[in-house]
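Enquirer: Here you go, protein_22.pdb (PDB, C-alpha atoms and all ligand atoms):
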```pdb
ATOM      1  CA  MET A   1      94.423  13.608 169.476  1.00  0.00           C
ATOM      2  CA  LEU A   2      96.229  11.850 166.626  1.00  0.00           C
ATOM      3  CA  ILE A   3      96.903  13.871 163.455  1.00  0.00           C
ATOM      4  CA  ILE A   4      97.248  11.672 160.361  1.00  0.00           C
ATOM      5  CA  LEU A   5      98.745  13.246 157.244  1.00  0.00           C
ATOM      6  CA  ASP A   6      97.853  11.178 154.191  1.00  0.00           C
ATOM      7  CA  GLU A   7     100.620  11.892 151.663  1.00  0.00           C
ATOM      8  CA  ALA A   8      99.572   9.445 148.960  1.00  0.00           C
ATOM      9  CA  TYR A   9     100.425  12.047 146.291  1.00  0.00           C
ATOM     10  CA  PHE A  10     103.546  13.449 147.973  1.00  0.00           C
ATOM     11  CA  GLU A  11     106.005  12.671 145.162  1.00  0.00           C
ATOM     12  CA  TYR A  12     103.870  14.491 142.581  1.00  0.00           C
ATOM     13  CA  ALA A  13     103.413  17.594 144.712  1.00  0.00           C
ATOM     14  CA  LYS A  14     106.598  17.903 146.751  1.00  0.00           C
ATOM     15  CA  ASP A  15     108.324  20.419 144.464  1.00  0.00           C
ATOM     16  CA  ASN A  16     105.415  22.810 144.626  1.00  0.00           C
ATOM     17  CA  PRO A  17     106.440  25.522 147.118  1.00  0.00           C
ATOM     18  CA  ARG A  18     102.842  25.613 148.388  1.00  0.00           C
ATOM     19  CA  TYR A  19     102.966  21.923 149.370  1.00  0.00           C
ATOM     20  CA  PRO A  20     103.662  21.719 153.116  1.00  0.00           C
ATOM     21  CA  ASP A  21     106.566  19.537 154.212  1.00  0.00           C
ATOM     22  CA  SER A  22     105.149  17.322 156.941  1.00  0.00           C
ATOM     23  CA  MET A  23     108.664  16.521 158.162  1.00  0.00           C
ATOM     24  CA  HIS A  24     108.426  19.920 159.896  1.00  0.00           C
ATOM     25  CA  TYR A  25     105.544  18.615 162.001  1.00  0.00           C
ATOM     26  CA  ARG A  26     107.312  15.826 163.879  1.00  0.00           C
ATOM     27  CA  TYR A  27     105.277  16.224 167.065  1.00  0.00           C
ATOM     28  CA  ASP A  28     104.457  13.207 169.196  1.00  0.00           C
ATOM     29  CA  ASN A  29     100.867  13.018 167.894  1.00  0.00           C
ATOM     30  CA  VAL A  30     101.556  13.329 164.131  1.00  0.00           C
ATOM     31  CA  ILE A  31     101.945  10.471 161.675  1.00  0.00           C
ATOM     32  CA  THR A  32     102.731  10.875 157.980  1.00  0.00           C
ATOM     33  CA  LEU A  33     101.542   8.064 155.706  1.00  0.00           C
ATOM     34  CA  ARG A  34     102.906   7.416 152.227  1.00  0.00           C
ATOM     35  CA  THR A  35     102.148   4.725 149.701  1.00  0.00           C
ATOM     36  CA  PHE A  36     103.797   2.825 146.868  1.00  0.00           C
ATOM     37  CA  SER A  37     100.408   2.644 145.138  1.00  0.00           C
ATOM     38  CA  LYS A  38     100.670   5.865 143.152  1.00  0.00           C
ATOM     39  CA  VAL A  39     103.880   7.128 141.585  1.00  0.00           C
ATOM     40  CA  TYR A  40     105.655   3.784 142.138  1.00  0.00           C
ATOM     41  CA  GLY A  41     102.869   1.847 140.423  1.00  0.00           C
ATOM     42  CA  LEU A  42     102.715  -0.893 143.088  1.00  0.00           C
ATOM     43  CA  ALA A  43      99.049  -0.650 144.147  1.00  0.00           C
ATOM     44  CA  GLY A  44      98.550  -4.395 143.685  1.00  0.00           C
ATOM     45  CA  VAL A  45     101.454  -5.156 146.022  1.00  0.00           C
ATOM     46  CA  ARG A  46      99.764  -3.369 148.986  1.00  0.00           C
ATOM     47  CA  ILE A  47     102.729  -1.651 150.590  1.00  0.00           C
ATOM     48  CA  GLY A  48     103.229   1.746 152.180  1.00  0.00           C
ATOM     49  CA  TYR A  49     105.079   3.348 155.066  1.00  0.00           C
ATOM     50  CA  GLY A  50     104.780   5.960 157.738  1.00  0.00           C
ATOM     51  CA  PHE A  51     106.839   8.392 159.796  1.00  0.00           C
ATOM     52  CA  ALA A  52     106.071   9.299 163.388  1.00  0.00           C
ATOM     53  CA  HIS A  53     107.594  10.120 166.730  1.00  0.00           C
ATOM     54  CA  GLU A  54     109.366   7.116 168.210  1.00  0.00           C
ATOM     55  CA  GLU A  55     106.956   6.958 171.158  1.00  0.00           C
ATOM     56  CA  LEU A  56     103.947   6.929 168.840  1.00  0.00           C
ATOM     57  CA  ILE A  57     105.526   4.153 166.740  1.00  0.00           C
ATOM     58  CA  GLY A  58     106.189   2.229 169.951  1.00  0.00           C
ATOM     59  CA  ASN A  59     102.518   2.488 170.926  1.00  0.00           C
ATOM     60  CA  LEU A  60     101.360   1.485 167.428  1.00  0.00           C
ATOM     61  CA  LEU A  61     103.568  -1.598 167.567  1.00  0.00           C
ATOM     62  CA  LYS A  62     101.822  -2.657 170.771  1.00  0.00           C
ATOM     63  CA  VAL A  63      98.403  -2.789 169.104  1.00  0.00           C
ATOM     64  CA  LYS A  64      99.062  -3.527 165.453  1.00  0.00           C
ATOM     65  CA  LEU A  65      98.155  -6.849 163.880  1.00  0.00           C
ATOM     66  CA  PRO A  66     101.015  -9.332 164.106  1.00  0.00           C
ATOM     67  CA  PHE A  67     101.383  -9.899 160.355  1.00  0.00           C
ATOM     68  CA  GLU A  68     103.624  -7.584 158.349  1.00  0.00           C
ATOM     69  CA  PRO A  69     103.208  -6.865 154.648  1.00  0.00           C
ATOM     70  CA  SER A  70     104.721  -9.861 152.843  1.00  0.00           C
ATOM     71  CA  THR A  71     108.491 -10.136 152.532  1.00  0.00           C
ATOM     72  CA  LEU A  72     108.136  -9.738 148.771  1.00  0.00           C
ATOM     73  CA  ALA A  73     106.063  -6.577 149.204  1.00  0.00           C
ATOM     74  CA  GLN A  74     108.673  -5.144 151.571  1.00  0.00           C
ATOM     75  CA  ALA A  75     111.456  -5.984 149.118  1.00  0.00           C
ATOM     76  CA  ALA A  76     109.474  -4.321 146.318  1.00  0.00           C
ATOM     77  CA  GLY A  77     108.967  -1.165 148.405  1.00  0.00           C
ATOM     78  CA  ILE A  78     112.626  -0.908 149.360  1.00  0.00           C
ATOM     79  CA  ALA A  79     113.698  -1.492 145.759  1.00  0.00           C
ATOM     80  CA  ALA A  80     111.202   1.134 144.551  1.00  0.00           C
ATOM     81  CA  LEU A  81     112.694   3.757 146.873  1.00  0.00           C
ATOM     82  CA  ALA A  82     116.100   3.124 145.306  1.00  0.00           C
ATOM     83  CA  ASP A  83     114.834   3.180 141.714  1.00  0.00           C
ATOM     84  CA  LYS A  84     115.217   6.865 140.938  1.00  0.00           C
ATOM     85  CA  ALA A  85     115.047   6.258 137.185  1.00  0.00           C
ATOM     86  CA  PHE A  86     111.589   4.705 137.475  1.00  0.00           C
ATOM     87  CA  LEU A  87     110.413   7.512 139.753  1.00  0.00           C
ATOM     88  CA  HIS A  88     111.631  10.080 137.231  1.00  0.00           C
ATOM     89  CA  ARG A  89     109.923   8.301 134.315  1.00  0.00           C
ATOM     90  CA  SER A  90     106.723   7.968 136.290  1.00  0.00           C
ATOM     91  CA  LEU A  91     106.701  11.671 137.217  1.00  0.00           C
ATOM     92  CA  GLU A  92     107.423  12.667 133.604  1.00  0.00           C
ATOM     93  CA  LEU A  93     104.655  10.414 132.303  1.00  0.00           C
ATOM     94  CA  ASN A  94     102.228  11.909 134.781  1.00  0.00           C
ATOM     95  CA  ALA A  95     103.263  15.482 133.948  1.00  0.00           C
ATOM     96  CA  ARG A  96     102.695  14.752 130.215  1.00  0.00           C
ATOM     97  CA  GLY A  97      99.318  13.194 131.042  1.00  0.00           C
ATOM     98  CA  LEU A  98      98.201  16.126 133.181  1.00  0.00           C
ATOM     99  CA  ARG A  99      99.265  18.580 130.453  1.00  0.00           C
ATOM    100  CA  LEU A 100      97.480  16.662 127.716  1.00  0.00           C
ATOM    101  CA  LEU A 101      94.264  16.173 129.687  1.00  0.00           C
ATOM    102  CA  THR A 102      94.202  19.732 131.004  1.00  0.00           C
ATOM    103  CA  ASP A 103      94.983  21.405 127.665  1.00  0.00           C
ATOM    104  CA  SER A 104      92.723  19.165 125.567  1.00  0.00           C
ATOM    105  CA  LEU A 105      89.713  19.258 127.878  1.00  0.00           C
ATOM    106  CA  ARG A 106      90.025  23.020 128.391  1.00  0.00           C
ATOM    107  CA  GLU A 107      90.154  23.436 124.617  1.00  0.00           C
ATOM    108  CA  MET A 108      86.842  21.566 124.475  1.00  0.00           C
ATOM    109  CA  GLY A 109      85.433  24.225 126.801  1.00  0.00           C
ATOM    110  CA  LEU A 110      85.357  22.021 129.898  1.00  0.00           C
ATOM    111  CA  THR A 111      86.071  23.322 133.406  1.00  0.00           C
ATOM    112  CA  MET A 112      89.150  21.779 134.982  1.00  0.00           C
ATOM    113  CA  VAL A 113      90.442  22.121 138.519  1.00  0.00           C
ATOM    114  CA  PRO A 114      94.263  22.582 138.570  1.00  0.00           C
ATOM    115  CA  SER A 115      95.994  19.396 139.734  1.00  0.00           C
ATOM    116  CA  GLU A 116      99.250  18.495 141.484  1.00  0.00           C
ATOM    117  CA  ALA A 117      98.411  14.798 141.674  1.00  0.00           C
ATOM    118  CA  ASN A 118      97.921  12.040 139.076  1.00  0.00           C
ATOM    119  CA  PHE A 119      94.341  12.932 138.203  1.00  0.00           C
ATOM    120  CA  VAL A 120      92.275  15.883 137.090  1.00  0.00           C
ATOM    121  CA  MET A 121      88.835  16.952 138.212  1.00  0.00           C
ATOM    122  CA  VAL A 122      86.375  18.041 135.541  1.00  0.00           C
ATOM    123  CA  VAL A 123      83.317  19.995 136.621  1.00  0.00           C
ATOM    124  CA  PHE A 124      80.119  19.923 134.560  1.00  0.00           C
ATOM    125  CA  ALA A 125      76.989  22.040 134.535  1.00  0.00           C
ATOM    126  CA  ASP A 126      75.168  19.652 136.859  1.00  0.00           C
ATOM    127  CA  ASP A 127      75.076  16.086 138.160  1.00  0.00           C
ATOM    128  CA  ALA A 128      73.032  14.786 135.192  1.00  0.00           C
ATOM    129  CA  HIS A 129      75.762  15.926 132.765  1.00  0.00           C
ATOM    130  CA  ALA A 130      78.488  14.360 134.882  1.00  0.00           C
ATOM    131  CA  ALA A 131      76.598  11.048 135.069  1.00  0.00           C
ATOM    132  CA  ARG A 132      76.024  11.042 131.280  1.00  0.00           C
ATOM    133  CA  VAL A 133      79.724  11.652 130.614  1.00  0.00           C
ATOM    134  CA  VAL A 134      80.696   8.772 132.904  1.00  0.00           C
ATOM    135  CA  GLU A 135      78.324   6.448 130.993  1.00  0.00           C
ATOM    136  CA  ASP A 136      79.421   7.687 127.584  1.00  0.00           C
ATOM    137  CA  LEU A 137      83.141   7.331 128.350  1.00  0.00           C
ATOM    138  CA  LEU A 138      82.490   3.861 129.755  1.00  0.00           C
ATOM    139  CA  ALA A 139      80.792   2.889 126.480  1.00  0.00           C
ATOM    140  CA  HIS A 140      84.073   3.870 124.791  1.00  0.00           C
ATOM    141  CA  GLY A 141      86.104   1.741 127.199  1.00  0.00           C
ATOM    142  CA  VAL A 142      87.292   4.639 129.382  1.00  0.00           C
ATOM    143  CA  ILE A 143      86.592   4.316 133.116  1.00  0.00           C
ATOM    144  CA  VAL A 144      86.500   7.559 135.103  1.00  0.00           C
ATOM    145  CA  ARG A 145      85.381   8.086 138.673  1.00  0.00           C
ATOM    146  CA  PRO A 146      82.113   9.874 139.439  1.00  0.00           C
ATOM    147  CA  LEU A 147      82.572  12.083 142.503  1.00  0.00           C
ATOM    148  CA  ALA A 148      79.022  11.986 143.884  1.00  0.00           C
ATOM    149  CA  ALA A 149      80.208   9.854 146.805  1.00  0.00           C
ATOM    150  CA  PHE A 150      82.649  12.667 147.663  1.00  0.00           C
ATOM    151  CA  GLY A 151      79.865  15.266 147.700  1.00  0.00           C
ATOM    152  CA  LEU A 152      80.620  16.546 144.179  1.00  0.00           C
ATOM    153  CA  PRO A 153      77.918  14.999 141.947  1.00  0.00           C
ATOM    154  CA  GLN A 154      78.611  17.473 139.132  1.00  0.00           C
ATOM    155  CA  ALA A 155      82.286  16.433 138.877  1.00  0.00           C
ATOM    156  CA  ILE A 156      84.375  13.488 137.738  1.00  0.00           C
ATOM    157  CA  ARG A 157      87.943  12.412 138.382  1.00  0.00           C
ATOM    158  CA  ILE A 158      90.147  11.230 135.520  1.00  0.00           C
ATOM    159  CA  SER A 159      93.426   9.562 136.461  1.00  0.00           C
ATOM    160  CA  THR A 160      96.394   9.813 134.117  1.00  0.00           C
ATOM    161  CA  GLY A 161      97.532   6.585 132.487  1.00  0.00           C
ATOM    162  CA  THR A 162      99.976   5.641 129.771  1.00  0.00           C
ATOM    163  CA  ASP A 163     100.351   8.054 126.850  1.00  0.00           C
ATOM    164  CA  GLU A 164      98.023   5.755 124.857  1.00  0.00           C
ATOM    165  CA  ASP A 165      95.429   5.692 127.655  1.00  0.00           C
ATOM    166  CA  ASN A 166      95.474   9.470 127.925  1.00  0.00           C
ATOM    167  CA  ALA A 167      95.090   9.944 124.171  1.00  0.00           C
ATOM    168  CA  ARG A 168      92.221   7.443 124.158  1.00  0.00           C
ATOM    169  CA  CYS A 169      90.508   9.335 126.951  1.00  0.00           C
ATOM    170  CA  VAL A 170      90.821  12.639 125.075  1.00  0.00           C
ATOM    171  CA  THR A 171      89.371  11.053 121.916  1.00  0.00           C
ATOM    172  CA  ALA A 172      86.461   9.584 123.898  1.00  0.00           C
ATOM    173  CA  MET A 173      85.768  12.952 125.516  1.00  0.00           C
ATOM    174  CA  GLN A 174      85.895  14.650 122.089  1.00  0.00           C
ATOM    175  CA  LYS A 175      83.247  12.189 120.894  1.00  0.00           C
ATOM    176  CA  ALA A 176      81.109  12.901 123.960  1.00  0.00           C
ATOM    177  CA  VAL A 177      81.348  16.639 123.347  1.00  0.00           C
ATOM    178  CA  ALA A 178      80.578  16.211 119.616  1.00  0.00           C
ATOM    179  CA  ALA A 179      77.568  14.028 120.489  1.00  0.00           C
ATOM    180  CA  GLY A 180      76.243  16.763 122.787  1.00  0.00           C
ATOM    181  CA  VAL A 181      76.625  14.646 125.945  1.00  0.00           C
ATOM    182  CA  VAL A 182      78.573  17.506 127.540  1.00  0.00           C
ATOM    183  CA  GLU A 183      77.724  21.180 127.694  1.00  0.00           C
TER     184      GLU A 183
HETATM  185  C1  LIG B 201      94.326  10.082 149.403  1.00  0.00           C
HETATM  186  C2  LIG B 201      94.669   8.623 149.239  1.00  0.00           C
HETATM  187  N1  LIG B 201      95.231   7.962 150.257  1.00  0.00           N
HETATM  188  C3  LIG B 201      95.546   6.628 150.151  1.00  0.00           C
HETATM  189  C4  LIG B 201      95.275   5.938 148.991  1.00  0.00           C
HETATM  190  C5  LIG B 201      95.524   4.453 148.912  1.00  0.00           C
HETATM  191  O1  LIG B 201      96.747   4.049 149.328  1.00  0.00           O
HETATM  192  P1  LIG B 201      97.017   2.472 149.490  1.00  0.00           P
HETATM  193  O2  LIG B 201      96.893   1.838 148.121  1.00  0.00           O
HETATM  194  O3  LIG B 201      98.428   2.437 150.007  1.00  0.00           O
HETATM  195  O4  LIG B 201      96.004   1.938 150.437  1.00  0.00           O
HETATM  196  C6  LIG B 201      94.735   6.604 147.905  1.00  0.00           C
HETATM  197  C7  LIG B 201      94.519   5.878 146.637  1.00  0.00           C
HETATM  198  O5  LIG B 201      93.487   5.473 146.249  1.00  0.00           O
HETATM  199  C8  LIG B 201      94.389   7.967 148.035  1.00  0.00           C
HETATM  200  O6  LIG B 201      93.818   8.616 147.016  1.00  0.00           O
END
```
What does this structure look like when you write it as structure tokens?

Expert:
Amino acid sequence: MLIILDEAYFEYAKDNPRYPDSMHYRYDNVITLRTFSKVYGLAGVRIGYGFAHEELIGNLLKVKLPFEPSTLAQAAGIAALADKAFLHRSLELNARGLRLLTDSLREMGLTMVPSEANFVMVVFADDAHAARVVEDLLAHGVIVRPLAAFGLPQAIRISTGTDEDNARCVTAMQKAVAAGVVE
């Protein structure tokens, strides 16, 4: 059996002592996947990487498609790993965003699930409330993700953005609360 550890949010969570370090699980059936799509901001470039036992990598190479990610994408990924200043700025921006969203939405009386990633989950009274909030925020130009497809129809996911994006989201949510869209 192959165990795949999806560490898309690794960089955000790695300093949390409760976050398991998958480098301790280097068995021959374990692969750790990471991406440049999150903290490195390169989602459009489509590049990521993985760690696994040499034998497992050897077997993957036998069956993988012949085309690699583009040379430019590989160069971007390698450069991103070296760009510690960008990583630091990105982590700081996200930490500010999480703080702002968590504090502001809690102050509005909303229920938030603690986050170690680059998004928060807000839980509403029921699925109708969650759906109304999604619509109302959209009308104010703020796109959030309904979580019905993940089995949580009463919840939404809000990703952090720039400081301006985050402030705009808080203002839109304040309007929704004031308009009675949210309880
Ligand atoms: C858990 C998880 N894994 C992987 C990805 C996507 O990674 P990539 O853009 O490298 O396909 C995401 C982002 O949407 C994610 O949330």

Enquirer: What separation in Å, quoted to one decimal, exists between atom CA of Leu93 of chain A and atom C8 of ligand LIG 201 (chain B)?

Expert: 18.9 Å

Enquirer: Pull out every residue that the PyMOL selection byres (((chain A and resi 156) around 9) and not hetatm) matches in the shown coordinates and put them as a list in words.

Expert: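 Checked against the file, the PyMOL selection byres (((chain A and resi 156) around 9) and not hetatm) matches Val120, Met121, Val122, Val123, Phe124, Ala130, Ala131, Val133, Val134, Val144, Arg145, Pro146, Leu147, Ala148, Leu152, Pro153, Gln154, Ala155, Arg157 and Ile158 of chain A.
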
Enquirer: Using only C-alpha atoms and all ligand atoms, find each residue of chain A with at least one atom at most 7 Å away from an atom of ligand LIG 201 (chain B); report its shortest atom-to-atom pair and that distance in Å (one decimal), sort the rows by chain and rising residue number, and return the result as a Markdown table.

Expert:
```
| residue | atom | partner | partner_atom | distance |
| --- | --- | --- | --- | --- |
| A:Asp6 | CA | B:LIG201 | N1 | 5.7 |
| A:Glu7 | CA | B:LIG201 | N1 | 6.8 |
| A:Ala8 | CA | B:LIG201 | N1 | 4.8 |
| A:Thr35 | CA | B:LIG201 | O3 | 4.4 |
| A:Phe36 | CA | B:LIG201 | O3 | 6.2 |
| A:Ser37 | CA | B:LIG201 | O2 | 4.7 |
| A:Ala43 | CA | B:LIG201 | O2 | 5.2 |
| A:Arg46 | CA | B:LIG201 | O2 | 6.0 |
| A:Ile47 | CA | B:LIG201 | O3 | 6.0 |
| A:Gly48 | CA | B:LIG201 | O3 | 5.3 |
```

Enquirer: Which one is closest to Asp136 of chain A: A:Leu61, A:Leu100, A:Ala117, A:Met173? Count all atoms listed in the file.

Expert: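 The closest residue to Asp136 of chain A is A:Met173.
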
Enquirer: I'd like to know which of A:Asn16, A:Asn29, A:Asn166, A:Thr171 is closest to Arg99 of chain A, using all atoms listed in the file.

Expert: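 Smallest distance to Arg99 of chain A is found for A:Asn166.
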
Enquirer: Given all atoms listed in the file as the basis, pick out the residue of A:Thr71, A:Thr32, A:Ser90, A:Ser104 nearest to Ala167 of chain A.

Expert: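 Using all atoms listed in the file, Ala167 of chain A sits closest to A:Ser104.
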
Enquirer: For the file shown, what are the residues hit by the PyMOL selection byres (((chain A and resi 169) around 9) and not hetatm), laid out as a list in words?

Expert: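 For this structure, the PyMOL selection byres (((chain A and resi 169) around 9) and not hetatm) resolves to Leu101, Leu137, His140, Gly141, Val142, Ile143, Ile158, Glu164, Asp165, Asn166, Ala167, Arg168, Val170, Thr171, Ala172, Met173 and Gln174 of chain A.
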
Enquirer: Take the PyMOL selection byres (((chain A and resi 180) around 12) and not hetatm), apply it to the structure above, and return the hits as an mmCIF file with C-alpha atoms, in the frame of the given file.

Expert:
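Saved file part-v7.cif follows:
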```
data_model
loop_
_atom_site.group_PDB
_atom_site.id
_atom_site.type_symbol
_atom_site.label_atom_id
_atom_site.label_comp_id
_atom_site.auth_asym_id
_atom_site.auth_seq_id
_atom_site.Cartn_x
_atom_site.Cartn_y
_atom_site.Cartn_z
ATOM 1 C CA MET A 108 86.842 21.566 124.475
ATOM 2 C CA HIS A 129 75.762 15.926 132.765
ATOM 3 C CA ARG A 132 76.024 11.042 131.280
ATOM 4 C CA VAL A 133 79.724 11.652 130.614
ATOM 5 C CA ASP A 136 79.421 7.687 127.584
ATOM 6 C CA MET A 173 85.768 12.952 125.516
ATOM 7 C CA GLN A 174 85.895 14.650 122.089
ATOM 8 C CA LYS A 175 83.247 12.189 120.894
ATOM 9 C CA ALA A 176 81.109 12.901 123.960
ATOM 10 C CA VAL A 177 81.348 16.639 123.347
ATOM 11 C CA ALA A 178 80.578 16.211 119.616
ATOM 12 C CA ALA A 179 77.568 14.028 120.489
ATOM 13 C CA VAL A 181 76.625 14.646 125.945
ATOM 14 C CA VAL A 182 78.573 17.506 127.540
ATOM 15 C CA GLU A 183 77.724 21.180 127.694
#
```

Enquirer: Box in all listed atoms of segment 155-165 of chain A, axis-aligned, with 4 Å more on each side; write out centre and edge lengths in Å to one decimal as AutoDock Vina command-line options.

Expert:
```
--center_x 91.3 --center_y 11.0 --center_z 131.9 --size_x 26.1 --size_y 18.8 --size_z 22.0
```

Enquirer: By how many Å are atom CA of Val113 of chain A and atom CA of Asp127 of chain A apart?

Expert: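 So the two atoms, atom CA of Val113 of chain A and atom CA of Asp127 of chain A, lie 16.5 Å apart.
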
Enquirer: So how many Å separate atom CA of Asn118 of chain A and atom CA of Gln74 of chain A, to one decimal?

Expert: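 Interatomic distance here is 23.8 Å.
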